[in-house]
>>> print(open('model-v5.pdb').read())   # PDB, C-alpha atoms, pLDDT in the B column
ATOM      1  CA  MET A   1       0.000   0.000   0.000  1.00 53.00           C
ATOM      2  CA  PHE A   2       2.798   2.395   0.984  1.00 44.00           C
ATOM      3  CA  LYS A   3       4.626   1.623  -2.298  1.00 50.00           C
ATOM      4  CA  LYS A   4       1.492   2.432  -4.334  1.00 49.00           C
ATOM      5  CA  ILE A   5       1.072   5.793  -2.590  1.00 48.00           C
ATOM      6  CA  LEU A   6       4.773   6.569  -3.054  1.00 42.00           C
ATOM      7  CA  ALA A   7       4.587   5.610  -6.731  1.00 47.00           C
ATOM      8  CA  ALA A   8       1.498   7.811  -7.222  1.00 47.00           C
ATOM      9  CA  MET A   9       3.220  10.771  -5.530  1.00 49.00           C
ATOM     10  CA  LEU A  10       6.275  10.248  -7.709  1.00 46.00           C
ATOM     11  CA  CYS A  11       4.100  10.295 -10.842  1.00 47.00           C
ATOM     12  CA  VAL A  12       2.415  13.516  -9.724  1.00 44.00           C
ATOM     13  CA  CYS A  13       5.805  15.133  -9.065  1.00 44.00           C
ATOM     14  CA  ILE A  14       7.097  14.108 -12.485  1.00 51.00           C
ATOM     15  CA  LEU A  15       3.948  15.428 -14.138  1.00 44.00           C
ATOM     16  CA  VAL A  16       4.195  18.773 -12.309  1.00 45.00           C
ATOM     17  CA  LEU A  17       7.877  19.125 -13.173  1.00 43.00           C
ATOM     18  CA  GLY A  18       7.152  18.229 -16.792  1.00 49.00           C
ATOM     19  CA  VAL A  19       4.430  20.880 -17.100  1.00 45.00           C
ATOM     20  CA  THR A  20       6.601  23.484 -15.381  1.00 47.00           C
ATOM     21  CA  GLY A  21       9.516  22.633 -17.631  1.00 49.00           C
ATOM     22  CA  CYS A  22       7.359  23.008 -20.742  1.00 47.00           C
ATOM     23  CA  SER A  23       6.067  26.417 -19.725  1.00 46.00           C
ATOM     24  CA  GLY A  24       9.626  27.524 -19.026  1.00 47.00           C
ATOM     25  CA  GLN A  25      10.657  26.426 -22.510  1.00 45.00           C
ATOM     26  CA  GLN A  26       7.730  28.309 -24.050  1.00 48.00           C
ATOM     27  CA  LYS A  27       8.825  31.494 -22.303  1.00 49.00           C
ATOM     28  CA  LYS A  28      12.384  31.035 -23.573  1.00 46.00           C
ATOM     29  CA  GLU A  29      11.072  30.511 -27.104  1.00 55.00           C
ATOM     30  CA  GLN A  30       9.538  33.991 -27.188  1.00 65.00           C
ATOM     31  CA  SER A  31      12.019  36.048 -29.120  1.00 85.00           C
ATOM     32  CA  GLU A  32      13.329  39.265 -27.734  1.00 89.00           C
ATOM     33  CA  LYS A  33      14.640  41.989 -29.999  1.00 92.00           C
ATOM     34  CA  THR A  34      15.661  45.597 -29.705  1.00 94.00           C
ATOM     35  CA  GLU A  35      14.342  48.098 -32.208  1.00 94.00           C
ATOM     36  CA  THR A  36      14.952  51.818 -32.683  1.00 96.00           C
ATOM     37  CA  VAL A  37      11.583  53.581 -32.610  1.00 96.00           C
ATOM     38  CA  SER A  38      10.284  57.137 -32.544  1.00 95.00           C
ATOM     39  CA  LEU A  39       8.567  58.004 -29.290  1.00 96.00           C
ATOM     40  CA  TYR A  40       6.691  61.272 -29.063  1.00 95.00           C
ATOM     41  CA  LEU A  41       7.338  62.877 -25.692  1.00 95.00           C
ATOM     42  CA  PRO A  42       6.047  66.155 -24.211  1.00 92.00           C
ATOM     43  CA  ASP A  43       8.454  69.092 -24.225  1.00 87.00           C
ATOM     44  CA  GLU A  44       9.358  70.825 -20.950  1.00 85.00           C
ATOM     45  CA  GLN A  45       6.537  73.375 -21.254  1.00 84.00           C
ATOM     46  CA  ALA A  46       3.897  70.728 -22.165  1.00 83.00           C
ATOM     47  CA  GLU A  47       3.126  72.574 -25.400  1.00 85.00           C
ATOM     48  CA  TYR A  48       4.384  70.088 -27.977  1.00 87.00           C
ATOM     49  CA  VAL A  49       5.298  66.467 -28.326  1.00 92.00           C
ATOM     50  CA  GLU A  50       8.743  65.961 -29.766  1.00 93.00           C
ATOM     51  CA  GLU A  51      10.126  62.973 -31.614  1.00 94.00           C
ATOM     52  CA  THR A  52      12.788  61.097 -29.677  1.00 95.00           C
ATOM     53  CA  LYS A  53      14.528  58.072 -31.191  1.00 96.00           C
ATOM     54  CA  MET A  54      15.008  55.311 -28.637  1.00 95.00           C
ATOM     55  CA  GLU A  55      15.967  51.667 -28.377  1.00 96.00           C
ATOM     56  CA  VAL A  56      12.953  49.634 -27.235  1.00 95.00           C
ATOM     57  CA  LYS A  57      13.049  45.990 -26.178  1.00 94.00           C
ATOM     58  CA  ILE A  58      10.225  43.989 -27.777  1.00 93.00           C
ATOM     59  CA  THR A  59       9.360  40.539 -26.441  1.00 90.00           C
ATOM     60  CA  GLY A  60       7.615  38.234 -28.877  1.00 89.00           C
ATOM     61  CA  GLU A  61       5.037  40.025 -30.975  1.00 88.00           C
ATOM     62  CA  ASP A  62       3.970  42.529 -28.274  1.00 93.00           C
ATOM     63  CA  VAL A  63       5.076  45.727 -29.999  1.00 96.00           C
ATOM     64  CA  ALA A  64       2.116  47.719 -28.609  1.00 97.00           C
ATOM     65  CA  GLY A  65       3.008  46.683 -25.062  1.00 97.00           C
ATOM     66  CA  ALA A  66       6.642  47.629 -25.630  1.00 97.00           C
ATOM     67  CA  LEU A  67       5.693  51.069 -26.996  1.00 97.00           C
ATOM     68  CA  ILE A  68       3.376  51.750 -24.050  1.00 97.00           C
ATOM     69  CA  ALA A  69       6.016  50.542 -21.561  1.00 97.00           C
ATOM     70  CA  ALA A  70       8.610  52.835 -23.163  1.00 97.00           C
ATOM     71  CA  LEU A  71       6.247  55.825 -22.978  1.00 97.00           C
ATOM     72  CA  VAL A  72       5.602  55.043 -19.288  1.00 97.00           C
ATOM     73  CA  GLU A  73       9.331  54.699 -18.647  1.00 96.00           C
ATOM     74  CA  GLN A  74       9.943  58.118 -20.237  1.00 96.00           C
ATOM     75  CA  GLY A  75       7.232  59.744 -18.108  1.00 93.00           C
ATOM     76  CA  ALA A  76       4.890  60.485 -21.019  1.00 94.00           C
ATOM     77  CA  LEU A  77       2.223  58.092 -19.671  1.00 95.00           C
ATOM     78  CA  PRO A  78       1.092  57.449 -16.105  1.00 92.00           C
ATOM     79  CA  GLU A  79       2.642  54.606 -14.094  1.00 94.00           C
ATOM     80  CA  GLY A  80       0.565  51.455 -14.282  1.00 95.00           C
ATOM     81  CA  THR A  81      -0.628  52.054 -17.858  1.00 96.00           C
ATOM     82  CA  ALA A  82      -0.838  48.738 -19.698  1.00 97.00           C
ATOM     83  CA  VAL A  83      -2.276  47.332 -22.924  1.00 97.00           C
ATOM     84  CA  LYS A  84      -5.380  45.183 -22.556  1.00 97.00           C
ATOM     85  CA  LYS A  85      -5.842  44.565 -26.268  1.00 97.00           C
ATOM     86  CA  PHE A  86      -4.377  45.820 -29.541  1.00 97.00           C
ATOM     87  CA  SER A  87      -5.332  45.208 -33.142  1.00 96.00           C
ATOM     88  CA  LYS A  88      -4.259  46.444 -36.547  1.00 96.00           C
ATOM     89  CA  GLU A  89      -6.409  45.944 -39.612  1.00 95.00           C
ATOM     90  CA  GLU A  90      -4.879  47.492 -42.707  1.00 91.00           C
ATOM     91  CA  ASN A  91      -4.095  51.056 -41.586  1.00 92.00           C
ATOM     92  CA  VAL A  92      -6.637  51.219 -38.728  1.00 96.00           C
ATOM     93  CA  LEU A  93      -5.448  50.681 -35.152  1.00 97.00           C
ATOM     94  CA  THR A  94      -7.474  49.870 -32.042  1.00 97.00           C
ATOM     95  CA  LEU A  95      -5.776  50.181 -28.663  1.00 98.00           C
ATOM     96  CA  ASP A  96      -7.514  49.247 -25.419  1.00 98.00           C
ATOM     97  CA  LEU A  97      -5.686  50.292 -22.251  1.00 97.00           C
ATOM     98  CA  ASN A  98      -6.360  49.462 -18.606  1.00 97.00           C
ATOM     99  CA  GLN A  99      -8.394  51.305 -15.967  1.00 95.00           C
ATOM    100  CA  ALA A 100      -5.229  52.694 -14.343  1.00 94.00           C
ATOM    101  CA  PHE A 101      -4.646  54.667 -17.549  1.00 95.00           C
ATOM    102  CA  ALA A 102      -8.231  55.998 -17.645  1.00 94.00           C
ATOM    103  CA  ASP A 103      -8.104  57.030 -13.982  1.00 91.00           C
ATOM    104  CA  ALA A 104      -4.789  58.855 -14.389  1.00 90.00           C
ATOM    105  CA  LEU A 105      -5.986  60.557 -17.584  1.00 90.00           C
ATOM    106  CA  MET A 106      -9.055  61.924 -15.773  1.00 90.00           C
ATOM    107  CA  GLU A 107      -6.840  63.354 -13.015  1.00 89.00           C
ATOM    108  CA  SER A 108      -4.232  64.931 -15.312  1.00 87.00           C
ATOM    109  CA  GLY A 109      -5.739  68.324 -16.189  1.00 85.00           C
ATOM    110  CA  THR A 110      -6.306  69.702 -19.665  1.00 87.00           C
ATOM    111  CA  SER A 111      -2.699  70.099 -20.828  1.00 88.00           C
ATOM    112  CA  GLY A 112      -1.635  66.838 -19.197  1.00 89.00           C
ATOM    113  CA  GLU A 113      -4.509  65.018 -20.892  1.00 91.00           C
ATOM    114  CA  THR A 114      -3.555  66.504 -24.246  1.00 91.00           C
ATOM    115  CA  MET A 115       0.112  65.579 -23.843  1.00 93.00           C
ATOM    116  CA  ILE A 116      -0.717  62.005 -22.789  1.00 94.00           C
ATOM    117  CA  LEU A 117      -3.037  61.475 -25.741  1.00 95.00           C
ATOM    118  CA  ALA A 118      -0.686  63.152 -28.224  1.00 94.00           C
ATOM    119  CA  SER A 119       2.189  60.925 -27.066  1.00 96.00           C
ATOM    120  CA  ILE A 120       0.169  57.761 -27.640  1.00 97.00           C
ATOM    121  CA  VAL A 121      -1.459  58.862 -30.892  1.00 96.00           C
ATOM    122  CA  ASP A 122       1.736  60.120 -32.526  1.00 95.00           C
ATOM    123  CA  THR A 123       3.840  57.160 -31.404  1.00 96.00           C
ATOM    124  CA  PHE A 124       1.336  54.589 -32.687  1.00 96.00           C
ATOM    125  CA  LEU A 125       0.259  56.334 -35.918  1.00 96.00           C
ATOM    126  CA  VAL A 126       3.854  56.965 -36.950  1.00 95.00           C
ATOM    127  CA  TYR A 127       5.206  53.549 -35.908  1.00 96.00           C
ATOM    128  CA  TYR A 128       2.497  51.627 -37.756  1.00 95.00           C
ATOM    129  CA  GLY A 129       2.083  54.152 -40.597  1.00 94.00           C
ATOM    130  CA  ALA A 130      -1.627  54.066 -39.799  1.00 95.00           C
ATOM    131  CA  ALA A 131      -4.431  56.447 -40.731  1.00 95.00           C
ATOM    132  CA  SER A 132      -6.368  56.222 -37.478  1.00 96.00           C
ATOM    133  CA  LEU A 133      -6.225  55.043 -33.865  1.00 97.00           C
ATOM    134  CA  THR A 134      -9.247  54.261 -31.732  1.00 97.00           C
ATOM    135  CA  LEU A 135      -8.338  54.479 -28.066  1.00 97.00           C
ATOM    136  CA  THR A 136     -10.416  52.891 -25.290  1.00 97.00           C
ATOM    137  CA  ALA A 137      -9.994  51.835 -21.665  1.00 96.00           C
ATOM    138  CA  GLU A 138     -11.304  48.483 -20.447  1.00 96.00           C
ATOM    139  CA  GLY A 139     -13.231  48.240 -23.728  1.00 96.00           C
ATOM    140  CA  GLN A 140     -15.155  51.462 -23.047  1.00 96.00           C
ATOM    141  CA  THR A 141     -15.064  54.898 -24.667  1.00 96.00           C
ATOM    142  CA  LEU A 142     -12.637  57.233 -22.916  1.00 94.00           C
ATOM    143  CA  GLU A 143     -14.406  60.039 -21.062  1.00 91.00           C
ATOM    144  CA  THR A 144     -12.774  62.731 -18.967  1.00 90.00           C
ATOM    145  CA  GLY A 145     -14.012  65.972 -17.466  1.00 87.00           C
ATOM    146  CA  HIS A 146     -12.764  67.682 -20.626  1.00 82.00           C
ATOM    147  CA  ALA A 147     -13.878  65.478 -23.506  1.00 91.00           C
ATOM    148  CA  ILE A 148     -15.425  62.254 -24.737  1.00 93.00           C
ATOM    149  CA  TYR A 149     -13.078  60.433 -27.100  1.00 94.00           C
ATOM    150  CA  ASP A 150     -15.544  58.406 -29.135  1.00 94.00           C
ATOM    151  CA  GLU A 151     -14.004  59.082 -32.556  1.00 95.00           C
ATOM    152  CA  PRO A 152     -10.731  57.684 -33.913  1.00 96.00           C
ATOM    153  CA  PHE A 153      -7.675  59.920 -33.736  1.00 95.00           C
ATOM    154  CA  THR A 154      -6.416  60.673 -37.242  1.00 92.00           C
ATOM    155  CA  GLN A 155      -3.912  63.471 -36.745  1.00 81.00           C
ATOM    156  CA  VAL A 156      -0.255  63.464 -35.808  1.00 77.00           C
ATOM    157  CA  PHE A 157       0.232  66.293 -33.294  1.00 75.00           C
ATOM    158  CA  ALA A 158       4.024  66.613 -33.306  1.00 66.00           C
ATOM    159  CA  ALA A 159       4.163  68.926 -36.315  1.00 53.00           C
ATOM    160  CA  ALA A 160       2.190  71.738 -34.644  1.00 49.00           C
ATOM    161  CA  PRO A 161       1.714  73.242 -31.194  1.00 48.00           C
ATOM    162  CA  ILE A 162      -0.856  71.509 -29.003  1.00 45.00           C
ATOM    163  CA  GLN A 163      -3.752  73.795 -28.142  1.00 44.00           C
TER     164      GLN A 163
END
>>> encode(input="model-v5.pdb", output="structure tokens")
Amino acid sequence: MFKKILAAMLCVCILVLGVTGCSGQQKKEQSEKTETVSLYLPDEQAEYVEETKMEVKITGEDVAGALIAALVEQGALPEGTAVKKFSKEENVLTLDLNQAFADALMESGTSGETMILASIVDTFLVYYGAASLTLTAEGQTLETGHAIYDEPFTQVFAAAPIQ
């Protein structure tokens, strides 16, 4: 009886180690590359977004996540901002961010809100060469005390002052 229990426990341990080992291999198989990209960051007076070339580490196919993480790291987006879902169909982008982003956007004031949105819009439209970007949070239309963003963004802001 004791031998049967011991054998069963051994089988369970081997199975658990096998599953863990497989998931570890899958993580290692995700490629990691570094790419030079244009990030659009607010200037010191929060009047413009300026193009800044940077090296960004991209894991697997998560380019959108890498761009958002780089914008957060550079202070252009609030801490905790993360991609929930991203899609690209032809030259139309859809980017769904988390609730932390929506909450921080609502608390940022008019110029802060404009700079945050311009950084995302310019970075994504330019990187993907896209015509439009629909931005949502948790699958819902973005609404702040200043605006409701229920239409796709189609303009790159970097070329002109933000007003």
>>> closest_residue(input="model-v5.pdb", among="A:Glu79, A:Gln74, A:Glu138, A:Glu51", to="Gln99 in chain A", atoms="all atoms listed in the file")
A:Glu138
>>> resolve_selection(input="model-v5.pdb", expression="the PyMOL selection byres ((chain A and resi 137) around 10)", output="compact mmCIF listing (two decimals) with C-alpha atoms, keeping the file's coordinate frame")
# COMPACT_ATOMS: atom_id res chain seq x y z
CA ALA A 82 -0.84 48.74 -19.70
CA VAL A 83 -2.28 47.33 -22.92
CA LYS A 84 -5.38 45.18 -22.56
CA LYS A 85 -5.84 44.56 -26.27
CA LEU A 95 -5.78 50.18 -28.66
CA ASP A 96 -7.51 49.25 -25.42
CA LEU A 97 -5.69 50.29 -22.25
CA ASN A 98 -6.36 49.46 -18.61
CA GLN A 99 -8.39 51.30 -15.97
CA ALA A 100 -5.23 52.69 -14.34
CA PHE A 101 -4.65 54.67 -17.55
CA ALA A 102 -8.23 56.00 -17.64
CA ASP A 103 -8.10 57.03 -13.98
CA LEU A 135 -8.34 54.48 -28.07
CA THR A 136 -10.42 52.89 -25.29
CA GLU A 138 -11.30 48.48 -20.45
CA GLY A 139 -13.23 48.24 -23.73
CA GLN A 140 -15.16 51.46 -23.05
CA THR A 141 -15.06 54.90 -24.67
CA LEU A 142 -12.64 57.23 -22.92
CA GLU A 143 -14.41 60.04 -21.06
>>> closest_residue(input="model-v5.pdb", among="A:Leu105, A:Val121, A:Ile58, A:Leu77", to="Thr154 in chain A", atoms="only C-alpha atoms")
A:Val121
>>> resolve_selection(input="model-v5.pdb", expression="the PyMOL selection byres ((chain A and resi 110) around 12)", output="number ranges by chain")
A: 46-47, 105-109, 111-117, 144-147, 162-163
>>> closest_residue(input="model-v5.pdb", among="A:Ser87, A:Thr36, A:Gln155, A:Thr123", to="Lys53 in chain A", atoms="all atoms listed in the file")
A:Thr36
>>> closest_residue(input="model-v5.pdb", among="A:Thr134, A:Ala104, A:Lys57, A:Asp150", to="Val37 in chain A", atoms="all atoms listed in the file")
A:Lys57
>>> residues_around(input="model-v5.pdb", residues="range 130-132 of chain A", least_positions_apart="5", cutoff="10 Å", atoms="all atoms listed in the file", output="PyMOL selection string")
chain A and resi 88-94+121+124-125+151-156
>>> atom_distance(input="model-v5.pdb", atom1="CA of Tyr127 in chain A", atom2="CA of Leu39 in chain A")
8.7 Å
>>> closest_residue(input="model-v5.pdb", among="A:Ala76, A:Ser31, A:Val63, A:Ile68", to="Glu44 in chain A", atoms="all atoms listed in the file")
A:Ala76
>>> atom_distance(input="model-v5.pdb", atom1="CA of Pro42 in chain A", atom2="CA of Asp62 in chain A")
24.1 Å
>>> atom_distance(input="model-v5.pdb", atom1="CA of Leu133 in chain A", atom2="CA of Thr34 in chain A")
24.2 Å
